[in-house]
Structure formats: structure tokens, C-alpha cells
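Visitor: Have a peek at model_9.cif (mmCIF, C-alpha atoms).
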```
data_start
loop_
_atom_site.label_atom_id
_atom_site.label_comp_id
_atom_site.auth_asym_id
_atom_site.auth_seq_id
_atom_site.Cartn_x
_atom_site.Cartn_y
_atom_site.Cartn_z
CA MET J 440 -8.40 -7.76 -27.01
CA LYS J 441 -6.05 -5.56 -25.01
CA VAL J 442 -6.21 -1.84 -25.69
CA VAL J 443 -2.72 -0.41 -25.85
CA ARG J 444 -3.69 3.22 -25.79
CA ASN J 445 -6.85 5.28 -25.75
CA LEU J 446 -6.25 8.92 -26.57
CA VAL J 447 -9.02 11.48 -26.78
CA MET J 448 -7.52 14.11 -29.02
CA GLY J 449 -10.26 16.71 -29.03
CA LEU J 450 -8.56 18.53 -31.87
CA LEU J 451 -10.60 20.36 -34.48
CA PHE J 452 -9.61 20.07 -38.13
CA PHE J 453 -11.20 22.25 -40.76
CA CYS J 454 -10.68 21.59 -44.45
CA HIS J 455 -11.61 24.63 -46.52
CA THR J 456 -11.86 22.56 -49.69
CA LEU J 457 -14.53 20.40 -48.06
CA GLY J 458 -16.55 22.96 -46.15
CA TRP J 459 -16.84 20.52 -43.23
CA SER J 460 -15.28 20.61 -39.79
CA TYR J 461 -13.72 17.29 -38.81
CA THR J 462 -12.89 16.40 -35.21
CA ILE J 463 -10.93 13.28 -34.29
CA THR J 464 -12.59 12.48 -30.97
CA SER J 465 -10.69 9.30 -30.08
CA SER J 466 -7.80 7.17 -31.23
CA ILE J 467 -7.31 3.61 -29.99
CA ASP J 468 -4.25 1.45 -30.63
CA GLU J 469 -4.51 -2.32 -30.35
CA PRO J 470 -2.78 -5.40 -31.73
CA PHE J 471 -3.89 -6.87 -35.05
CA GLY J 472 -1.92 -10.08 -35.02
CA ASP J 473 1.70 -8.92 -35.16
CA PHE J 474 0.63 -5.55 -36.56
CA LEU J 475 -0.55 -2.34 -34.95
CA LYS J 476 -4.13 -1.24 -35.58
CA THR J 477 -5.27 2.31 -34.88
CA THR J 478 -8.97 3.15 -34.96
CA MET J 479 -9.88 6.82 -35.00
CA THR J 480 -13.41 8.09 -34.52
CA VAL J 481 -14.16 11.21 -36.54
CA GLN J 482 -17.04 13.61 -35.89
CA VAL J 483 -18.20 15.73 -38.82
CA ASP J 484 -19.94 18.92 -37.70
CA SER J 485 -22.40 18.71 -34.82
CA ASN J 486 -24.88 16.01 -35.86
CA PRO J 487 -24.02 12.87 -33.84
CA LEU J 488 -24.81 10.63 -36.82
CA ASN J 489 -22.17 12.38 -38.92
CA THR J 490 -19.50 10.08 -37.55
CA PHE J 491 -17.15 7.63 -39.24
CA LYS J 492 -14.07 5.63 -38.34
CA ILE J 493 -10.58 5.67 -39.80
CA VAL J 494 -8.63 2.43 -39.50
CA ARG J 495 -4.88 2.21 -39.94
CA ILE J 496 -2.90 -1.08 -39.94
CA ARG J 497 0.88 -1.30 -40.20
CA GLU J 498 3.94 -3.01 -38.77
CA ASP J 499 4.29 -2.51 -35.01
CA ARG J 500 7.66 -0.82 -35.01
CA GLN J 501 9.03 2.49 -33.85
CA VAL J 502 10.87 3.09 -37.13
CA HIS J 503 8.93 2.36 -40.31
CA THR J 504 10.07 1.95 -43.87
CA TYR J 505 7.05 1.68 -46.14
CA HIS J 506 6.73 1.02 -49.84
CA GLY J 507 3.82 3.44 -49.69
CA ALA J 508 0.36 4.08 -48.27
CA ILE J 509 -2.98 2.84 -49.52
CA ILE J 510 -6.49 3.97 -48.56
CA LEU J 511 -9.09 1.18 -48.84
CA VAL J 512 -12.81 1.92 -49.09
CA PRO J 513 -15.33 -0.91 -48.49
CA GLY J 514 -18.35 -1.76 -50.61
CA LEU J 515 -22.01 -1.07 -49.96
CA LEU J 516 -23.15 -2.50 -46.62
CA ASN J 517 -19.53 -3.22 -45.67
CA HIS J 518 -17.37 -1.65 -43.01
CA PHE J 519 -13.57 -1.91 -42.84
CA GLY J 520 -13.91 -5.41 -41.35
CA PHE J 521 -14.28 -6.55 -44.97
CA TYR J 522 -10.53 -5.98 -45.35
CA GLU J 523 -9.68 -7.57 -41.99
CA PHE J 524 -11.49 -10.87 -42.58
CA THR J 525 -9.41 -14.03 -42.73
CA SER J 526 -10.66 -17.57 -43.32
CA THR J 527 -7.49 -19.12 -41.90
CA GLY J 528 -7.31 -17.41 -38.51
CA ASP J 529 -4.07 -15.69 -39.54
CA VAL J 530 -4.51 -11.94 -39.96
CA GLU J 531 -1.70 -11.94 -42.53
CA ASP J 532 -4.15 -13.68 -44.85
CA SER J 533 -6.60 -10.77 -44.66
CA ILE J 534 -6.31 -8.05 -47.28
CA ALA J 535 -5.15 -5.48 -44.74
CA GLY J 536 -2.73 -7.89 -43.05
CA TYR J 537 -1.32 -9.16 -46.34
CA LEU J 538 -0.52 -5.61 -47.44
CA ALA J 539 0.86 -4.57 -44.04
CA ASP J 540 3.11 -7.65 -44.00
CA ARG J 541 4.57 -6.47 -47.29
CA LYS J 542 5.42 -3.06 -45.85
CA PHE J 543 2.45 -1.02 -46.97
CA ASP J 544 0.83 1.47 -44.63
CA VAL J 545 -2.86 0.52 -44.83
CA TRP J 546 -5.55 3.12 -44.12
CA GLY J 547 -9.28 2.79 -44.56
CA ILE J 548 -12.74 3.87 -43.59
CA SER J 549 -15.83 2.49 -41.96
CA PRO J 550 -18.34 4.92 -43.51
CA ARG J 551 -20.93 6.90 -41.58
CA GLU J 552 -23.83 4.56 -42.34
CA THR J 553 -21.98 1.50 -41.00
CA LEU J 554 -22.24 2.98 -37.50
CA VAL J 555 -26.06 3.13 -37.71
CA GLU J 556 -27.70 -0.06 -36.49
CA SER J 557 -30.96 -1.49 -37.77
CA GLY J 558 -33.88 0.07 -35.92
CA GLU J 559 -31.84 2.98 -34.55
CA CYS J 560 -33.69 5.46 -36.73
CA ALA J 561 -36.99 4.52 -35.05
CA THR J 562 -35.90 6.63 -32.10
CA THR J 563 -33.34 8.90 -33.76
CA ASP J 564 -33.78 11.63 -36.36
CA CYS J 565 -31.92 10.16 -39.34
CA SER J 566 -32.90 12.79 -41.90
CA VAL J 567 -29.23 13.77 -42.17
CA MET J 568 -28.80 10.60 -44.24
CA ASN J 569 -30.38 12.51 -47.10
CA THR J 570 -26.99 14.25 -47.41
CA TRP J 571 -24.99 11.01 -47.46
CA GLY J 572 -23.97 9.98 -50.93
CA LEU J 573 -20.89 9.74 -53.09
CA GLN J 574 -19.97 13.37 -52.41
CA SER J 575 -19.95 12.99 -48.62
CA LEU J 576 -17.91 9.81 -49.01
CA VAL J 577 -15.40 11.63 -51.23
CA ASP J 578 -15.17 14.36 -48.58
CA ASP J 579 -14.48 11.83 -45.82
CA ILE J 580 -11.84 10.06 -47.92
CA THR J 581 -10.24 13.45 -48.58
CA PHE J 582 -9.97 14.02 -44.83
CA ILE J 583 -8.28 10.63 -44.47
CA ARG J 584 -5.91 11.73 -47.23
CA SER J 585 -4.91 14.69 -45.05
CA GLN J 586 -4.11 12.32 -42.19
CA VAL J 587 -1.99 10.17 -44.50
CA ALA J 588 -0.10 13.32 -45.49
CA SER J 589 0.67 14.00 -41.82
CA VAL J 590 2.64 10.73 -41.82
CA HIS J 591 3.92 10.44 -45.38
CA GLY J 592 4.32 14.08 -46.34
CA SER J 593 4.41 14.67 -50.09
CA ASN J 594 4.48 10.95 -50.93
CA LYS J 595 1.14 10.28 -52.56
CA PRO J 596 -0.99 7.28 -51.56
CA VAL J 597 -3.08 4.86 -53.60
CA VAL J 598 -6.84 4.97 -53.14
CA GLY J 599 -9.15 2.12 -54.04
CA GLY J 600 -11.55 -0.55 -52.97
CA PHE J 601 -14.18 -3.08 -53.86
CA SER J 602 -17.55 -2.33 -55.53
CA LEU J 603 -18.88 0.90 -54.02
CA GLY J 604 -15.38 1.36 -52.59
CA ALA J 605 -13.96 1.31 -56.12
CA ILE J 606 -16.65 3.73 -57.26
CA ALA J 607 -15.95 6.09 -54.35
CA ALA J 608 -12.22 5.93 -55.12
CA LEU J 609 -12.98 6.73 -58.76
CA ALA J 610 -15.04 9.75 -57.68
CA THR J 611 -12.21 10.80 -55.37
CA ILE J 612 -9.53 10.87 -58.06
CA ASN J 613 -12.03 12.62 -60.34
CA ALA J 614 -12.25 15.39 -57.73
CA HIS J 615 -8.57 15.36 -56.75
CA PRO J 616 -6.58 13.82 -59.64
CA ASN J 617 -3.23 15.19 -58.48
CA ASP J 618 -3.42 13.89 -54.92
CA TYR J 619 -3.08 10.16 -55.57
CA LYS J 620 -0.37 7.97 -57.06
CA GLY J 621 -2.61 5.08 -58.00
CA LEU J 622 -6.20 3.89 -58.28
CA LEU J 623 -7.27 0.36 -57.35
CA LEU J 624 -10.51 -0.39 -59.20
CA TRP J 625 -11.83 -3.72 -58.01
CA GLU J 626 -15.26 -4.32 -59.48
CA GLY J 627 -16.71 -0.83 -59.82
CA SER J 628 -17.66 1.65 -62.55
CA LEU J 629 -19.83 4.69 -63.18
CA TYR J 630 -19.87 4.51 -66.96
CA THR J 631 -21.13 2.38 -69.81
CA THR J 632 -21.82 2.71 -73.50
CA ASP J 633 -24.36 -0.14 -73.52
CA PRO J 634 -27.87 1.29 -74.22
CA ALA J 635 -29.59 -1.57 -72.39
CA VAL J 636 -27.49 -1.05 -69.26
CA ILE J 637 -28.08 2.70 -69.45
CA GLN J 638 -31.84 2.15 -69.65
CA ARG J 639 -31.84 -0.39 -66.82
CA ASN J 640 -29.99 1.99 -64.50
CA ALA J 641 -32.10 4.98 -65.57
CA GLN J 642 -35.12 3.10 -64.21
CA PHE J 643 -33.33 2.38 -60.94
CA CYS J 644 -32.16 6.00 -60.81
CA ALA J 645 -35.77 7.18 -61.08
CA GLN J 646 -36.82 4.76 -58.36
CA MET J 647 -34.15 6.03 -55.98
CA GLU J 648 -34.98 9.66 -56.69
CA GLY J 649 -38.64 8.85 -56.06
CA ALA J 650 -37.76 7.32 -52.71
CA LEU J 651 -35.72 10.38 -51.72
CA SER J 652 -38.58 12.70 -52.75
CA ALA J 653 -40.88 10.66 -50.53
CA GLY J 654 -38.57 11.10 -47.55
CA VAL J 655 -37.03 7.62 -47.62
CA TYR J 656 -33.37 8.29 -46.96
CA TYR J 657 -32.01 4.92 -45.87
CA ASP J 658 -32.50 1.16 -45.89
CA ASP J 659 -31.86 -0.76 -42.67
CA GLN J 660 -33.59 -4.00 -43.65
CA ASN J 661 -31.52 -5.58 -46.43
CA GLY J 662 -28.28 -5.77 -44.46
CA PRO J 663 -29.77 -7.71 -41.53
CA PHE J 664 -31.73 -9.86 -44.03
CA VAL J 665 -28.57 -10.95 -45.88
CA LYS J 666 -26.78 -11.63 -42.59
CA LEU J 667 -29.72 -13.74 -41.41
CA LEU J 668 -29.71 -15.74 -44.65
CA ALA J 669 -25.98 -16.42 -44.25
CA GLN J 670 -26.38 -17.34 -40.58
CA LEU J 671 -29.17 -19.82 -41.34
CA ALA J 672 -27.27 -21.35 -44.26
CA ALA J 673 -24.18 -21.81 -42.09
CA SER J 674 -25.88 -23.15 -38.96
CA ASP J 675 -28.67 -25.26 -40.50
CA PRO J 676 -27.95 -25.67 -44.24
CA ASN J 677 -30.48 -28.44 -44.86
CA GLY J 678 -33.22 -27.01 -42.67
CA MET J 679 -36.22 -25.43 -44.35
CA SER J 680 -36.05 -21.67 -44.66
CA PRO J 681 -38.41 -19.86 -42.25
CA LEU J 682 -38.44 -16.79 -44.50
CA PRO J 683 -41.61 -16.36 -46.63
CA PRO J 684 -39.81 -15.46 -49.90
CA PHE J 685 -38.07 -18.85 -49.78
CA ALA J 686 -40.88 -21.14 -48.67
CA GLY J 687 -40.15 -24.75 -49.62
CA LEU J 688 -36.40 -24.18 -49.97
CA THR J 689 -33.60 -25.11 -47.63
CA ASN J 690 -31.60 -22.36 -45.93
CA ARG J 691 -28.66 -23.17 -48.17
CA GLN J 692 -30.79 -22.91 -51.32
CA ALA J 693 -32.33 -19.63 -50.15
CA PHE J 694 -28.93 -18.02 -49.73
CA ALA J 695 -27.67 -19.41 -53.03
CA ILE J 696 -30.64 -17.98 -54.93
CA LEU J 697 -29.76 -14.51 -53.73
CA PHE J 698 -26.05 -14.88 -54.56
CA THR J 699 -26.05 -16.89 -57.81
CA GLN J 700 -29.04 -15.44 -59.65
CA ASN J 701 -29.57 -12.06 -61.23
CA GLN J 702 -32.07 -9.83 -59.43
CA ASN J 703 -34.13 -6.95 -60.77
CA ALA J 704 -32.70 -4.61 -58.15
CA PRO J 705 -30.62 -1.40 -58.11
CA ASN J 706 -27.49 -3.20 -56.91
CA PHE J 707 -27.56 -5.43 -60.02
CA PRO J 708 -26.55 -2.94 -62.75
CA THR J 709 -26.79 -5.41 -65.66
CA ASP J 710 -29.03 -8.37 -66.47
CA GLN J 711 -25.97 -10.68 -66.46
CA TYR J 712 -24.74 -9.53 -63.05
CA VAL J 713 -24.49 -12.08 -60.22
CA GLN J 714 -22.62 -12.10 -56.95
CA LEU J 715 -21.14 -15.58 -57.46
CA ASN J 716 -20.93 -18.16 -60.23
CA GLY J 717 -23.02 -21.13 -59.17
CA THR J 718 -26.45 -22.73 -58.97
CA ALA J 719 -29.14 -22.89 -56.31
CA LEU J 720 -31.55 -25.46 -57.73
CA PRO J 721 -31.91 -28.34 -57.67
CA GLU J 722 -28.56 -28.58 -55.90
CA VAL J 723 -26.42 -25.78 -54.49
CA SER J 724 -23.07 -25.52 -56.20
CA TYR J 725 -20.41 -22.80 -56.34
CA LYS J 726 -17.90 -22.97 -59.19
CA TYR J 727 -15.09 -21.10 -57.44
CA ALA J 728 -16.18 -19.87 -54.01
CA ASP J 729 -15.29 -21.38 -50.64
CA GLU J 730 -18.79 -21.69 -49.21
CA THR J 731 -18.13 -22.51 -45.56
CA GLY J 732 -14.68 -20.96 -45.21
CA ARG J 733 -15.27 -17.57 -46.80
CA ILE J 734 -18.84 -16.86 -47.90
CA TYR J 735 -20.77 -17.20 -44.65
CA PRO J 736 -18.17 -16.02 -42.11
CA SER J 737 -17.09 -13.01 -44.20
CA ILE J 738 -20.67 -11.78 -44.35
CA ALA J 739 -21.02 -12.20 -40.60
CA GLN J 740 -17.85 -10.18 -39.97
CA GLY J 741 -17.91 -7.57 -42.72
CA PHE J 742 -21.57 -6.64 -43.20
CA ALA J 743 -23.29 -3.61 -41.69
CA ASP J 744 -27.03 -2.92 -41.29
CA THR J 745 -27.75 0.35 -43.05
CA PHE J 746 -27.06 2.11 -46.33
CA PRO J 747 -28.11 5.56 -47.60
CA ILE J 748 -30.50 5.69 -50.57
CA ARG J 749 -28.66 8.68 -52.04
CA THR J 750 -25.49 6.63 -52.46
CA VAL J 751 -27.35 4.01 -54.49
CA ARG J 752 -29.02 6.81 -56.43
CA ASP J 753 -25.63 8.31 -57.29
CA VAL J 754 -24.35 4.98 -58.63
CA ASN J 755 -27.42 4.15 -60.72
CA CYS J 756 -27.72 7.68 -62.08
CA GLY J 757 -24.01 7.71 -62.89
CA ILE J 758 -24.23 4.49 -64.89
CA ALA J 759 -27.33 5.92 -66.58
CA GLY J 760 -25.33 8.89 -67.88
CA GLU J 761 -24.85 11.44 -65.12
CA THR J 762 -21.24 12.68 -65.29
CA THR J 763 -20.83 14.47 -61.93
CA PHE J 764 -18.25 12.02 -60.61
CA ILE J 765 -16.42 11.10 -63.84
CA ASN J 766 -16.11 14.41 -65.73
CA ASN J 767 -12.43 14.95 -64.87
CA LEU J 768 -10.94 11.46 -65.14
CA SER J 769 -8.67 12.42 -68.03
CA ALA J 770 -6.72 14.61 -65.59
CA PHE J 771 -5.52 11.58 -63.61
CA THR J 772 -2.03 10.54 -64.72
CA GLY J 773 -1.32 7.81 -62.17
CA ASP J 774 -1.44 4.02 -62.34
CA VAL J 775 -4.69 2.05 -62.37
CA LEU J 776 -5.31 -1.61 -61.59
CA MET J 777 -8.62 -2.98 -62.84
CA LEU J 778 -9.74 -6.23 -61.24
CA LYS J 779 -12.79 -7.21 -63.28
CA SER J 780 -15.45 -9.88 -63.20
CA GLY J 781 -17.22 -10.75 -66.43
CA ARG J 782 -20.57 -11.21 -64.67
CA GLY J 783 -20.04 -8.19 -62.44
CA PHE J 784 -18.87 -4.70 -63.37
CA GLY J 785 -16.31 -6.03 -65.87
CA PRO J 786 -17.97 -4.84 -69.11
CA LEU J 787 -18.64 -1.41 -67.59
CA MET J 788 -15.02 -1.16 -66.46
CA THR J 789 -13.84 -1.83 -70.00
CA ASP J 790 -15.97 1.12 -71.12
CA LEU J 791 -14.66 3.22 -68.23
CA SER J 792 -11.05 2.71 -69.30
CA THR J 793 -11.72 4.93 -72.33
CA LEU J 794 -12.19 7.89 -69.97
CA LEU J 795 -8.90 7.37 -68.12
CA THR J 796 -6.98 8.64 -71.12
CA SER J 797 -3.90 9.85 -69.23
CA ALA J 798 -3.53 6.92 -66.83
CA GLN J 799 -1.44 3.78 -67.09
CA ILE J 800 -3.90 0.89 -66.81
CA ARG J 801 -3.09 -2.70 -65.86
CA ASP J 802 -6.03 -5.00 -66.59
CA ASP J 803 -5.04 -8.06 -64.58
CA LEU J 804 -6.64 -11.50 -64.60
CA PRO J 805 -9.75 -10.79 -66.69
CA ALA J 806 -12.36 -13.34 -65.64
CA ASN J 807 -15.29 -13.74 -67.99
CA ASP J 808 -17.37 -16.03 -65.78
CA TYR J 809 -16.59 -14.56 -62.37
CA GLY J 810 -19.41 -13.04 -60.34
CA HIS J 811 -19.09 -9.66 -58.66
CA VAL J 812 -17.57 -10.89 -55.39
CA GLU J 813 -15.87 -14.00 -56.83
CA ARG J 814 -12.26 -13.05 -56.16
CA TYR J 815 -12.95 -12.30 -52.50
CA MET J 816 -14.86 -15.55 -51.91
CA HIS J 817 -12.54 -17.64 -54.10
CA GLU J 818 -11.04 -20.79 -52.59
CA ASN J 819 -7.69 -19.50 -53.86
CA TYR J 820 -8.25 -15.82 -53.13
CA VAL J 821 -4.56 -15.17 -52.46
CA LYS J 822 -3.68 -16.00 -56.07
CA GLN J 823 -6.81 -14.44 -57.54
CA LEU J 824 -6.79 -11.21 -55.54
CA LEU J 825 -3.89 -10.50 -53.20
CA LYS J 826 -0.92 -11.40 -55.39
CA PRO J 827 -2.05 -9.32 -58.41
CA MET J 828 -2.69 -6.40 -56.07
CA VAL J 829 0.77 -6.50 -54.49
CA LYS J 830 2.48 -7.10 -57.84
CA TRP J 831 0.86 -3.96 -59.23
CA LEU J 832 1.69 -1.88 -56.14
CA LYS J 833 5.36 -2.90 -56.17
CA GLN J 834 6.05 -2.99 -59.90
CA ASP J 835 3.86 -0.21 -61.27
CA VAL J 836 3.05 2.23 -58.48
CA PHE J 837 5.77 2.34 -55.82
#
```
Could the structure of this file be written out as C-alpha cells, please?

Guide:
Amino acid sequence: MKVVRNLVMGLLFFCHTLGWSYTITSSIDEPFGDFLKTTMTVQVDSNPLNTFKIVRIREDRQVHTYHGAIILVPGLLNHFGFYEFTSTGDVEDSIAGYLADRKFDVWGISPRETLVESGECATTDCSVMNTWGLQSLVDDITFIRSQVASVHGSNKPVVGGFSLGAIAALATINAHPNDYKGLLLWEGSLYTTDPAVIQRNAQFCAQMEGALSAGVYYDDQNGPFVKLLAQLAASDPNGMSPLPPFAGLTNRQAFAILFTQNQNAPNFPTDQYVQLNGTALPEVSYKYADETGRIYPSIAQGFADTFPIRTVRDVNCGIAGETTFINNLSAFTGDVLMLKSGRGFGPLMTDLSTLLTSAQIRDDLPANDYGHVERYMHENYVKQLLKPMVKWLKQDVF
């Protein structure tokens, strides 16, 4: 891909509200289909691992007329490529391209951990990851907000995302309720009134805090493992899985078990939570998802290797009752779109809506049998995901 411009800015930004110094060390412009994509590398303080990327996608014109700006935050183990993925080969069918084509100025982040590759910490001191959690992510989003302001002035953006991205956006408007015009909550929550869910997440919270106390600050195994499962299922679906946990199963069945069954793991906040509606045994079947067109290739393109334990701790402890990142939600008076899945965060999001007492909430397309990532993997994802998003942005927000 041709690089249009590579500009090393070397400018130092300091945000007193954050207490961090942020330096944009490079900015690269390149085509994204018919759009212009700018990728900025940001250094936070002096530790080389404290680096993240800002991505901006918009129409490639000298004079721009936007409906508004939106900041998109990816989920756990995802970088911004999650929003750039297209199953048709047309970038306008990606989330970022679809929004840019409809005259939105799309900004986003590839978080710090997505730049750390599996095995890198074997030769690098990665103890700084102990400081990476929801608060550091909120700080980085707040810096991106300052860059949006340099383009859009006093016109407030929307902030939102999928899963952890939705949770980080929620924490951001909790910290800065007057800085955003809208909140896109796509499958994420930090609150429940269900005692069983509270207890489940309290156990996971204790596990994560125990890991942090023992000096375990990151996981760089699960990301590569999921990518390997997807690669094997795509390339040799009927071959027998070489992975010990799935002995006697085909590669396709092994992947389906992970994505269609509930797991006793911190990233499964309820006992009804699944990634996708389907079955693994005796035959693999997905009720809604496009298996070969979206599931496998999107994981290959959008998944990273590493995630910080503190981030997972913050989510589990929040669902278990910690209020650090939700104690000011009543101060937000903007518009909210909740895209729920009944077998994902949906029930928790219904509980969460009771805290957003001053917001205008649109609860669009409630889906009782959808798994957590169903809308994204759906064979008709434009209708299930993109159209409701744009309708809300145009009719309610901007």
C-alpha cells in the first residue's frame, strides 16, 4: 500500500487532567479504499511499551462537511483492525468505511497492549503492564478526544465500541460526562443487579487480583491460541485438531466449542453467555453467523496477542459491585444507543440503563438469542449492526 505522507511531528502534548505526557511521534497518511486513513503513533511518557496508535478514517477531500465525529474503541484482544474488516473486499462494508462513507469523521485506537507481541515480554521488562487497565484506557481516549477537538472545535464527538470498547467508553463518559454528545454501547456493561452474576464475577475478580499480587500482569497466550484455532478451522476444517484440549475433535468442532459454549472464565460474565449461537457437537452449526466469510477471517485480521490482567480485573470487579467507573453516569445527558445480545451482556445492559438517568436511550434490535459477537459475525451484519448505528447517529445524535 502506497504511503502518501510520513510526518514525524516530535511535538509534546501534556494534559494536566491526565497527568501524562503524550507525544505524537509519527503520522502516516495512506488510502483506505476511496477514503483517507491517518495512523498516528503516540508515546506516553518514557517507557517504550507505553505506546498506542490513533487511527482516523474520513473522506479524502480538501474540504470536509461531516455529520460529526465518532471515537471507536475495540474489544479485548482487538486492535482497530476490528473496525476495518470487510468480508466483501469493499472497505465501505467495514464499520469504519460504512461510517466514513456517510460523512462521519471516524477516529479510534489500537490500545497499548495490541502493540505487544506474544513472547516479547520474555526479553522485555513488561512490568509497566501492571498500570494498564480501564483508567489508562480512559486517559488515552481522552487524549484522542483532544485531537478530535483540534479538528472539530466545540462540536462534541460520540464515543463507543464493542465489548471492552463499550465498557471503556462507558468509563470515559463517567469521567468526562460533558465532553461527549453520544455513547455507543455495543455489548458491554459494568453493572448488574443479579446476585448470581455478582457472585460469579466476584470470584473472577479475586482470581485476577491474586494474579496481579503474584506479579502476573499480562496474558500473551490466549490471543495466539484463538487465532490458531480459527486458522486451523479455516484451512483444514475436517482435519483432527492437534491441540490436546480438543483431542478427538475436528478443527472445526474445536473452534465451535470455544465460541458456542459457555466457559467458566473471566471473559464469560454470566452462565448463559456465549460468543455465538450455535452447536459444536455432533455437527457444527451456527444459527446466524457467516462462518467462512466473517468468523475466521475477522479473527485473523482483528485479533492481537496480548491483554493486561488489570483490565480484566477492572471489568470483573466492576460487575461484582465496584463503582469506580460508573459512579457519575447520571451526569451524562447525551444520547445512548444500546446494542444488546440476550446471551451476551444484554441483561446487564438493561440493569445499567437504570444508572443513565439523565440520558436519552435508544434500545435498538433487542436480540434474546444472540451471542456476544453475533451482530458482527452475522450473515446480514449490515442490517443487524451498521444500519441501526447510522440511523441513531443521524436521527438522535447529530

Visitor: Neighbours of J:Gly732 within 10 Å (all atoms listed in the file; same-chain residues fewer than 4 positions away dropped), as a PyMOL selection string?

Guide: chain J and resi 525-527+728+736-737+816-818

Visitor: Near stretch 659-676 of chain J, counting only C-alpha atoms, which residues have an atom at most 8 Å away, once you skip same-chain residues fewer than 5 positions from it, shown as a list of chain:residue names?

Guide: J:Leu516, J:Glu556, J:Ser557, J:Gly558, J:Thr689, J:Asn690, J:Arg691, J:Ala693, J:Phe694, J:Thr731, J:Tyr735, J:Ile738, J:Ala739, J:Phe742, J:Ala743, J:Asp744, J:Thr745, J:Phe746

Visitor: Applied to the shown file, which residues does the PyMOL selection byres ((chain J and resi 485) around 12) return, written as number ranges by chain?

Guide: J: 451, 459-462, 481-484, 486-490, 567

Visitor: Could you dump the residues just selected with C-alpha atoms as a compact mmCIF listing (two decimals), keeping the file's coordinate frame?

Guide:
```
# COMPACT_ATOMS: atom_id res chain seq x y z
CA LEU J 451 -10.60 20.36 -34.48
CA TRP J 459 -16.84 20.52 -43.23
CA SER J 460 -15.28 20.61 -39.79
CA TYR J 461 -13.72 17.29 -38.81
CA THR J 462 -12.89 16.40 -35.21
CA VAL J 481 -14.16 11.21 -36.54
CA GLN J 482 -17.04 13.61 -35.89
CA VAL J 483 -18.20 15.73 -38.82
CA ASP J 484 -19.94 18.92 -37.70
CA ASN J 486 -24.88 16.01 -35.86
CA PRO J 487 -24.02 12.87 -33.84
CA LEU J 488 -24.81 10.63 -36.82
CA ASN J 489 -22.17 12.38 -38.92
CA THR J 490 -19.50 10.08 -37.55
CA VAL J 567 -29.23 13.77 -42.17
```

Visitor: Report, in Å to a single decimal, how far apart atom CA of J:Phe837 and atom CA of J:Ile612 are.

Guide: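 Spanning atom CA of J:Ile612 to atom CA of J:Phe837 is a straight-line distance of 17.7 Å.
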
Visitor: Taking the file as shown, find all residues satisfying the PyMOL selection byres ((chain J and resi 512) around 6) and write them as a ChimeraX atom specification.

Guide: /J:511,513,547-548,600,604

Visitor: Have a look at atom CA of J:Glu730 and atom CA of J:Val754 and let me know their distance in Å, one decimal.

Guide: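 Spanning atom CA of J:Glu730 to atom CA of J:Val754 is a straight-line distance of 28.8 Å.
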
Visitor: Identify, on the basis of all atoms listed in the file, every residue whose closest approach to stretch 616-621 of chain J does not exceed 9 Å; exclude the query and any residue fewer than 6 positions from it along the same chain; express the result as a list in words.

Guide: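 Selected residues are Ile509, Arg584, Asn594, Lys595, Pro596, Val597, Val598, Gly599, Asn767, Leu768, Ser769, Ala770, Phe771, Thr772, Gly773, Asp774, Val775, Leu776, Leu832, Asp835, Val836 and Phe837 of chain J.
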
Visitor: Just to be explicit: take each residue in the selection above, keep C-alpha atoms, and write the result as a short mmCIF file (atom, residue, chain, number, x, y, z; two decimals), keeping the file's coordinate frame.

Guide:
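This went into part.cif:
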```
data_model
loop_
_atom_site.label_atom_id
_atom_site.label_comp_id
_atom_site.auth_asym_id
_atom_site.auth_seq_id
_atom_site.Cartn_x
_atom_site.Cartn_y
_atom_site.Cartn_z
CA ILE J 509 -2.98 2.84 -49.52
CA ARG J 584 -5.91 11.73 -47.23
CA ASN J 594 4.48 10.95 -50.93
CA LYS J 595 1.14 10.28 -52.56
CA PRO J 596 -0.99 7.28 -51.56
CA VAL J 597 -3.08 4.86 -53.60
CA VAL J 598 -6.84 4.97 -53.14
CA GLY J 599 -9.15 2.12 -54.04
CA ASN J 767 -12.43 14.95 -64.87
CA LEU J 768 -10.94 11.46 -65.14
CA SER J 769 -8.67 12.42 -68.03
CA ALA J 770 -6.72 14.61 -65.59
CA PHE J 771 -5.52 11.58 -63.61
CA THR J 772 -2.03 10.54 -64.72
CA GLY J 773 -1.32 7.81 -62.17
CA ASP J 774 -1.44 4.02 -62.34
CA VAL J 775 -4.69 2.05 -62.37
CA LEU J 776 -5.31 -1.61 -61.59
CA LEU J 832 1.69 -1.88 -56.14
CA ASP J 835 3.86 -0.21 -61.27
CA VAL J 836 3.05 2.23 -58.48
CA PHE J 837 5.77 2.34 -55.82
#
```

Visitor: Name every residue that the PyMOL selection byres ((chain J and resi 544) around 7) selects in this structure, writing the answer as a compact mmCIF listing (two decimals) with C-alpha atoms, keeping the file's coordinate frame with chains first and numbers rising.

Guide:
```
# COMPACT_ATOMS: atom_id res chain seq x y z
CA ILE J 496 -2.90 -1.08 -39.94
CA ARG J 497 0.88 -1.30 -40.20
CA TYR J 505 7.05 1.68 -46.14
CA GLY J 507 3.82 3.44 -49.69
CA ALA J 508 0.36 4.08 -48.27
CA ILE J 509 -2.98 2.84 -49.52
CA ALA J 539 0.86 -4.57 -44.04
CA LYS J 542 5.42 -3.06 -45.85
CA PHE J 543 2.45 -1.02 -46.97
CA VAL J 545 -2.86 0.52 -44.83
CA TRP J 546 -5.55 3.12 -44.12
```

Visitor: Taking into account only C-alpha atoms, which residue in the set J:Ser797, J:Thr762, J:Asn755, J:Thr478 is nearest to J:Ala645?

Guide: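 Selected residue with least distance to J:Ala645: J:Asn755.
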
Visitor: Between J:Arg749, J:Arg733, J:His506, J:Arg814, single out the one closest to J:Leu715, counting only C-alpha atoms.

Guide: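 Among the listed residues, the smallest separation from J:Leu715 belongs to J:Arg814.
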
Visitor: How many Å separate atom CA of J:Gly760 from atom CA of J:Ala614?

Guide: 17.8 Å

Visitor: So, with all atoms listed in the file as the atoms that count, which of J:Asp540, J:Thr504, J:Thr793, J:Phe524 lies closest to J:Ile734?

Guide: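 Nearest candidate to J:Ile734 out of J:Asp540, J:Thr504, J:Thr793, J:Phe524: J:Phe524.
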